[in-house]
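S.K.: Please find start_33.pdb (PDB, C-alpha atoms) on the next line:
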ATOM      1  CA  MET A  20     -13.098 -19.849  41.577
ATOM      2  CA  LYS A  21      -9.459 -20.051  40.512
ATOM      3  CA  LEU A  22      -7.429 -16.866  40.228
ATOM      4  CA  GLU A  23      -6.317 -16.558  36.597
ATOM      5  CA  SER A  24      -5.602 -12.831  36.126
ATOM      6  CA  LEU A  25      -4.485 -10.120  38.483
ATOM      7  CA  CYS A  26      -4.106  -6.392  37.877
ATOM      8  CA  VAL A  27      -1.054  -5.027  39.661
ATOM      9  CA  TYR A  28      -0.714  -1.314  40.304
ATOM     10  CA  CYS A  29       2.852  -0.262  41.087
ATOM     11  CA  GLY A  30       5.459   2.361  40.307
ATOM     12  CA  SER A  31       7.219   3.440  37.169
ATOM     13  CA  GLY A  32      10.005   4.346  39.603
ATOM     14  CA  THR A  33      12.119   2.031  41.730
ATOM     15  CA  GLY A  34      11.676   3.778  45.070
ATOM     16  CA  ARG A  35      14.568   4.474  47.402
ATOM     17  CA  ALA A  36      14.393   1.220  49.374
ATOM     18  CA  PRO A  37      15.757  -1.814  47.490
ATOM     19  CA  GLN A  38      13.116  -3.976  49.218
ATOM     20  CA  PHE A  39      10.456  -2.578  46.872
ATOM     21  CA  MET A  40      12.191  -3.796  43.710
ATOM     22  CA  GLU A  41      12.964  -7.119  45.414
ATOM     23  CA  ALA A  42       9.298  -7.493  46.413
ATOM     24  CA  ALA A  43       8.142  -6.649  42.869
ATOM     25  CA  GLU A  44      10.438  -9.314  41.411
ATOM     26  CA  ALA A  45       9.394 -11.849  44.045
ATOM     27  CA  PHE A  46       5.730 -11.141  43.383
ATOM     28  CA  GLY A  47       6.216 -11.634  39.640
ATOM     29  CA  ARG A  48       7.784 -15.026  40.302
ATOM     30  CA  LEU A  49       4.942 -15.982  42.645
ATOM     31  CA  MET A  50       2.346 -14.992  40.052
ATOM     32  CA  ALA A  51       3.995 -17.054  37.312
ATOM     33  CA  ARG A  52       4.367 -20.092  39.560
ATOM     34  CA  ALA A  53       0.662 -19.814  40.480
ATOM     35  CA  ASN A  54      -0.200 -19.553  36.769
ATOM     36  CA  VAL A  55      -1.755 -16.111  37.276
ATOM     37  CA  ARG A  56      -1.652 -13.715  34.314
ATOM     38  CA  LEU A  57      -0.290 -10.266  35.104
ATOM     39  CA  VAL A  58      -2.387  -7.358  33.867
ATOM     40  CA  TYR A  59      -0.460  -4.112  34.310
ATOM     41  CA  GLY A  60       0.350  -0.709  32.879
ATOM     42  CA  GLY A  61       2.678  -1.899  30.132
ATOM     43  CA  GLY A  62       5.844  -0.067  31.152
ATOM     44  CA  GLY A  63       9.314  -1.546  31.337
ATOM     45  CA  VAL A  64      10.717   0.686  34.080
ATOM     46  CA  GLY A  65      10.532   0.745  37.867
ATOM     47  CA  THR A  66       8.697  -1.815  39.951
ATOM     48  CA  MET A  67       6.187  -2.109  37.093
ATOM     49  CA  GLY A  68       8.867  -3.424  34.765
ATOM     50  CA  ALA A  69      10.341  -5.614  37.507
ATOM     51  CA  VAL A  70       7.058  -7.447  38.114
ATOM     52  CA  ALA A  71       6.485  -8.009  34.398
ATOM     53  CA  ARG A  72      10.029  -9.227  33.688
ATOM     54  CA  ALA A  73       9.888 -11.620  36.640
ATOM     55  CA  VAL A  74       6.586 -13.103  35.440
ATOM     56  CA  LEU A  75       8.016 -13.556  31.944
ATOM     57  CA  ALA A  76      11.305 -15.008  33.231
ATOM     58  CA  GLU A  77       9.321 -17.709  35.056
ATOM     59  CA  GLY A  78       7.323 -18.546  31.916
ATOM     60  CA  GLY A  79       4.184 -16.642  32.953
ATOM     61  CA  GLN A  80       1.743 -14.599  30.893
ATOM     62  CA  VAL A  81       1.695 -10.788  30.852
ATOM     63  CA  THR A  82      -0.827  -8.362  29.412
ATOM     64  CA  GLY A  83       0.570  -4.849  29.215
ATOM     65  CA  ILE A  84      -1.866  -2.005  28.635
ATOM     66  CA  ILE A  85      -0.381   1.396  27.924
ATOM     67  CA  PRO A  86      -1.727   4.626  26.459
ATOM     68  CA  LYS A  87       0.037   5.811  23.309
ATOM     69  CA  PHE A  88       1.476   8.931  24.969
ATOM     70  CA  LEU A  89       3.259   6.816  27.625
ATOM     71  CA  THR A  90       4.920   4.347  25.253
ATOM     72  CA  GLU A  91       8.181   6.292  25.408
ATOM     73  CA  ILE A  92       7.920   7.902  28.865
ATOM     74  CA  GLU A  93       7.387   4.576  30.636
ATOM     75  CA  VAL A  94       9.474   2.708  28.060
ATOM     76  CA  GLN A  95       6.854   0.264  26.843
ATOM     77  CA  LEU A  96       7.865  -3.353  27.490
ATOM     78  CA  ASP A  97       7.636  -5.101  24.123
ATOM     79  CA  ASP A  98       8.380  -8.621  25.375
ATOM     80  CA  VAL A  99       4.948  -9.074  26.963
ATOM     81  CA  THR A 100       2.579 -11.846  25.909
ATOM     82  CA  GLU A 101      -0.059  -9.327  24.876
ATOM     83  CA  LEU A 102       0.422  -5.576  24.384
ATOM     84  CA  ILE A 103      -2.549  -3.246  24.124
ATOM     85  CA  VAL A 104      -1.978   0.409  23.237
ATOM     86  CA  THR A 105      -4.913   2.637  24.144
ATOM     87  CA  GLY A 106      -5.809   6.180  23.191
ATOM     88  CA  SER A 107      -6.100   7.495  26.750
ATOM     89  CA  MET A 108      -5.544   6.756  30.422
ATOM     90  CA  HIS A 109      -9.293   6.211  30.822
ATOM     91  CA  GLU A 110      -9.263   3.520  28.141
ATOM     92  CA  ARG A 111      -6.201   1.943  29.757
ATOM     93  CA  LYS A 112      -7.826   1.733  33.174
ATOM     94  CA  GLN A 113     -11.052   0.325  31.736
ATOM     95  CA  ALA A 114      -9.130  -2.307  29.747
ATOM     96  CA  MET A 115      -7.131  -3.290  32.847
ATOM     97  CA  PHE A 116     -10.341  -3.561  34.855
ATOM     98  CA  GLU A 117     -12.021  -5.740  32.214
ATOM     99  CA  ARG A 118      -9.128  -8.217  32.084
ATOM    100  CA  ALA A 119      -8.532  -8.730  35.814
ATOM    101  CA  GLN A 120     -10.270 -10.785  38.484
ATOM    102  CA  ALA A 121      -8.653  -8.839  41.315
ATOM    103  CA  PHE A 122      -6.422  -5.858  42.030
ATOM    104  CA  VAL A 123      -3.318  -5.366  44.121
ATOM    105  CA  ALA A 124      -1.456  -2.185  45.030
ATOM    106  CA  LEU A 125       2.274  -2.535  45.502
ATOM    107  CA  PRO A 126       4.275   0.515  46.594
ATOM    108  CA  GLY A 127       4.188   3.210  43.955
ATOM    109  CA  GLY A 128       3.513   6.850  43.219
ATOM    110  CA  ILE A 129       0.547   9.064  42.505
ATOM    111  CA  GLY A 130      -0.603   6.937  39.557
ATOM    112  CA  THR A 131      -0.595   3.806  41.709
ATOM    113  CA  LEU A 132      -2.532   5.642  44.394
ATOM    114  CA  GLU A 133      -5.042   7.027  41.900
ATOM    115  CA  GLU A 134      -5.705   3.672  40.238
ATOM    116  CA  THR A 135      -6.095   1.949  43.597
ATOM    117  CA  VAL A 136      -8.475   4.593  44.924
ATOM    118  CA  GLU A 137     -10.501   4.370  41.717
ATOM    119  CA  MET A 138     -10.998   0.616  42.214
ATOM    120  CA  LEU A 139     -11.970   1.287  45.853
ATOM    121  CA  THR A 140     -14.454   3.908  44.651
ATOM    122  CA  TRP A 141     -15.958   1.610  42.021
ATOM    123  CA  ALA A 142     -16.338  -1.129  44.643
ATOM    124  CA  GLN A 143     -17.946   1.287  47.122
ATOM    125  CA  LEU A 144     -20.414   2.324  44.408
ATOM    126  CA  GLY A 145     -21.229  -1.314  43.655
ATOM    127  CA  ARG A 146     -19.629  -1.331  40.191
ATOM    128  CA  HIS A 147     -17.580  -4.434  41.054
ATOM    129  CA  SER A 148     -16.987  -6.873  43.899
ATOM    130  CA  GLN A 149     -13.535  -8.118  42.921
ATOM    131  CA  PRO A 150     -10.902  -8.395  45.651
ATOM    132  CA  ILE A 151      -8.608  -5.423  46.249
ATOM    133  CA  VAL A 152      -5.434  -6.044  48.235
ATOM    134  CA  ILE A 153      -3.121  -3.354  49.512
ATOM    135  CA  ALA A 154       0.396  -4.768  49.886
ATOM    136  CA  ASN A 155       1.590  -2.668  52.807
ATOM    137  CA  LEU A 156       5.250  -3.633  52.474
ATOM    138  CA  ASN A 157       7.436  -2.065  55.152
ATOM    139  CA  GLY A 158       4.432   0.061  56.164
ATOM    140  CA  PHE A 159       4.454   1.883  52.821
ATOM    141  CA  TRP A 160       0.662   2.277  52.680
ATOM    142  CA  ASP A 161       0.214   3.153  56.394
ATOM    143  CA  PRO A 162      -0.708   6.770  55.523
ATOM    144  CA  LEU A 163      -3.395   5.587  53.067
ATOM    145  CA  ILE A 164      -4.844   3.147  55.581
ATOM    146  CA  GLU A 165      -4.856   5.917  58.216
ATOM    147  CA  LEU A 166      -6.554   8.259  55.736
ATOM    148  CA  LEU A 167      -9.272   5.703  54.997
ATOM    149  CA  ASP A 168      -9.848   5.327  58.753
ATOM    150  CA  HIS A 169      -9.926   9.133  59.118
ATOM    151  CA  ILE A 170     -12.553   9.403  56.347
ATOM    152  CA  ILE A 171     -14.701   6.862  58.204
ATOM    153  CA  LYS A 172     -14.250   8.589  61.584
ATOM    154  CA  ALA A 173     -15.121  11.964  60.029
ATOM    155  CA  GLY A 174     -18.388  10.527  58.731
ATOM    156  CA  PHE A 175     -17.640  10.694  54.997
ATOM    157  CA  ALA A 176     -17.727   6.925  54.569
ATOM    158  CA  ARG A 177     -19.377   4.062  56.392
ATOM    159  CA  SER A 178     -17.171   1.659  58.326
ATOM    160  CA  ASP A 179     -18.319  -1.180  56.079
ATOM    161  CA  ILE A 180     -16.073   0.149  53.289
ATOM    162  CA  ARG A 181     -13.304  -1.767  55.046
ATOM    163  CA  ARG A 182     -14.857  -4.936  53.602
ATOM    164  CA  ILE A 183     -14.000  -3.858  50.033
ATOM    165  CA  TYR A 184     -10.250  -4.108  50.560
ATOM    166  CA  SER A 185      -7.769  -6.040  52.610
ATOM    167  CA  VAL A 186      -4.242  -5.286  53.716
ATOM    168  CA  VAL A 187      -1.296  -7.675  53.819
ATOM    169  CA  ASP A 188       2.217  -6.958  55.049
ATOM    170  CA  ARG A 189       4.059  -9.692  53.155
ATOM    171  CA  ILE A 190       4.212 -10.221  49.400
ATOM    172  CA  GLU A 191       3.720 -13.977  49.923
ATOM    173  CA  ASP A 192       0.273 -13.302  51.403
ATOM    174  CA  VAL A 193      -1.226 -11.437  48.433
ATOM    175  CA  ILE A 194      -2.289 -14.355  46.220
ATOM    176  CA  PRO A 195      -3.640 -16.499  49.108
ATOM    177  CA  ARG A 196      -5.670 -13.495  50.351
ATOM    178  CA  ILE A 197      -7.175 -12.975  46.900
ATOM    179  CA  GLU A 198      -7.896 -16.671  46.411
ATOM    180  CA  ALA A 199      -9.697 -16.754  49.759
ATOM    181  CA  ALA A 200     -11.880 -13.837  48.633
ATOM    182  CA  LEU A 201     -12.856 -15.224  45.217
TER     183      LEU A 201
END
Using the file provided, produce a representation of the structure as structure tokens.

M.R.:
Amino acid sequence: MKLESLCVYCGSGTGRAPQFMEAAEAFGRLMARANVRLVYGGGGVGTMGAVARAVLAEGGQVTGIIPKFLTEIEVQLDDVTELIVTGSMHERKQAMFERAQAFVALPGGIGTLEETVEMLTWAQLGRHSQPIVIANLNGFWDPLIELLDHIIKAGFARSDIRRIYSVVDRIEDVIPRIEAAL
């Protein structure tokens, strides 16, 4: 199966390390060159905006999905190929899920963490089997990976939950990892 659409969870902030914005821009270019549609939160700021602008600058397709109340806070990006404004965060997340073949977590904040964990939860519960990739750039997600291991060691999850996600350390490895899992 060919990868055609990818949901990217990332920050509405830029982070303190310039490598995160650079990685977001590089990933957007890689997605466009691979002809993979970006499905994302619809904002024009932070790493979220950087990924979307990079996809668009390379001639790629972008679906932005944003709840009405965030259209000003996250400065909705109007230049996207398709813009969907939802009534709530729940509707946004469901719409993102329905339009993506896979999910990737770039560095981000609490929202990025929450959306990623929700996809992990849905996969654990058998609600989907789409690939989930954690882009552990510069070790950003090390604490999450350690927490998942801790949950397994403490007996609150089976060790086979590790099969529902994969971890890559380089942005160039995300799309090949997903394609191998499809």

S.K.: I want to know what sits within 6 Å of segment 184-193 of chain A, based on only C-alpha atoms, with residues of the same chain fewer than 4 positions away left out; could you give that as an MDAnalysis selection string?

M.R.: chainID A and resid 151:156

S.K.: Calculated over all atoms listed in the file, which of the candidates A:Met108, A:Met40, A:Gly79, A:Gly32 has the smallest distance to Val94 of chain A?

M.R.: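 Closest to Val94 of chain A, using all atoms listed in the file: A:Gly32.
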
S.K.: Which residue out of A:Gly145, A:Gly62, A:Gly127, A:Gly47 has the minimum interatomic distance to Gly78 of chain A when only C-alpha atoms are used?

M.R.: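 Nearest candidate to Gly78 of chain A out of A:Gly145, A:Gly62, A:Gly127, A:Gly47: A:Gly47.
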
S.K.: Name the residues in contact with Ala51 of chain A at a cut-off of 10 Å, using only C-alpha atoms, excluding same-chain residues fewer than 2 positions from it; report them as a VMD selection string.

M.R.: chain A and resid 46 to 49 53 to 57 71 73 to 81

S.K.: Suppose you want the space between atom CA of Lys21 of chain A and atom CA of Arg52 of chain A; what is it in Å?

M.R.: 13.9 Å

S.K.: Would you mind writing segment 131-150 of chain A with N, CA and C atoms, as a tab-separated table (two decimals), in the coordinates of the input?

M.R.:
chain	number	residue	atom	x	y	z
A	131	THR	N	-0.22	5.02	40.98
A	131	THR	CA	-0.60	3.81	41.71
A	131	THR	C	-1.70	4.12	42.71
A	132	LEU	N	-1.53	5.21	43.42
A	132	LEU	CA	-2.53	5.64	44.39
A	132	LEU	C	-3.87	5.92	43.70
A	133	GLU	N	-3.82	6.65	42.61
A	133	GLU	CA	-5.04	7.03	41.90
A	133	GLU	C	-5.78	5.81	41.38
A	134	GLU	N	-5.06	4.87	40.78
A	134	GLU	CA	-5.70	3.67	40.24
A	134	GLU	C	-6.30	2.81	41.35
A	135	THR	N	-5.60	2.72	42.46
A	135	THR	CA	-6.10	1.95	43.60
A	135	THR	C	-7.35	2.58	44.18
A	136	VAL	N	-7.32	3.89	44.37
A	136	VAL	CA	-8.48	4.59	44.92
A	136	VAL	C	-9.66	4.50	43.97
A	137	GLU	N	-9.40	4.51	42.67
A	137	GLU	CA	-10.50	4.37	41.72
A	137	GLU	C	-11.18	3.01	41.87
A	138	MET	N	-10.40	1.94	42.02
A	138	MET	CA	-11.00	0.62	42.21
A	138	MET	C	-11.77	0.56	43.53
A	139	LEU	N	-11.25	1.21	44.58
A	139	LEU	CA	-11.97	1.29	45.85
A	139	LEU	C	-13.29	2.03	45.66
A	140	THR	N	-13.25	3.12	44.92
A	140	THR	CA	-14.45	3.91	44.65
A	140	THR	C	-15.48	3.09	43.88
A	141	TRP	N	-15.03	2.43	42.82
A	141	TRP	CA	-15.96	1.61	42.02
A	141	TRP	C	-16.59	0.51	42.88
A	142	ALA	N	-15.80	-0.09	43.76
A	142	ALA	CA	-16.34	-1.13	44.64
A	142	ALA	C	-17.35	-0.53	45.62
A	143	GLN	N	-17.03	0.62	46.19
A	143	GLN	CA	-17.95	1.29	47.12
A	143	GLN	C	-19.27	1.62	46.44
A	144	LEU	N	-19.21	1.98	45.16
A	144	LEU	CA	-20.41	2.32	44.41
A	144	LEU	C	-21.13	1.11	43.83
A	145	GLY	N	-20.59	-0.09	44.11
A	145	GLY	CA	-21.23	-1.31	43.66
A	145	GLY	C	-20.96	-1.65	42.20
A	146	ARG	N	-19.95	-1.06	41.59
A	146	ARG	CA	-19.63	-1.33	40.19
A	146	ARG	C	-18.85	-2.63	40.02
A	147	HIS	N	-18.24	-3.13	41.08
A	147	HIS	CA	-17.58	-4.43	41.05
A	147	HIS	C	-17.45	-4.96	42.47
A	148	SER	N	-17.19	-6.25	42.58
A	148	SER	CA	-16.99	-6.87	43.90
A	148	SER	C	-15.71	-7.71	43.90
A	149	GLN	N	-14.79	-7.37	43.00
A	149	GLN	CA	-13.54	-8.12	42.92
A	149	GLN	C	-12.62	-7.74	44.09
A	150	PRO	N	-11.80	-8.68	44.53
A	150	PRO	CA	-10.90	-8.40	45.65
A	150	PRO	C	-9.90	-7.29	45.32
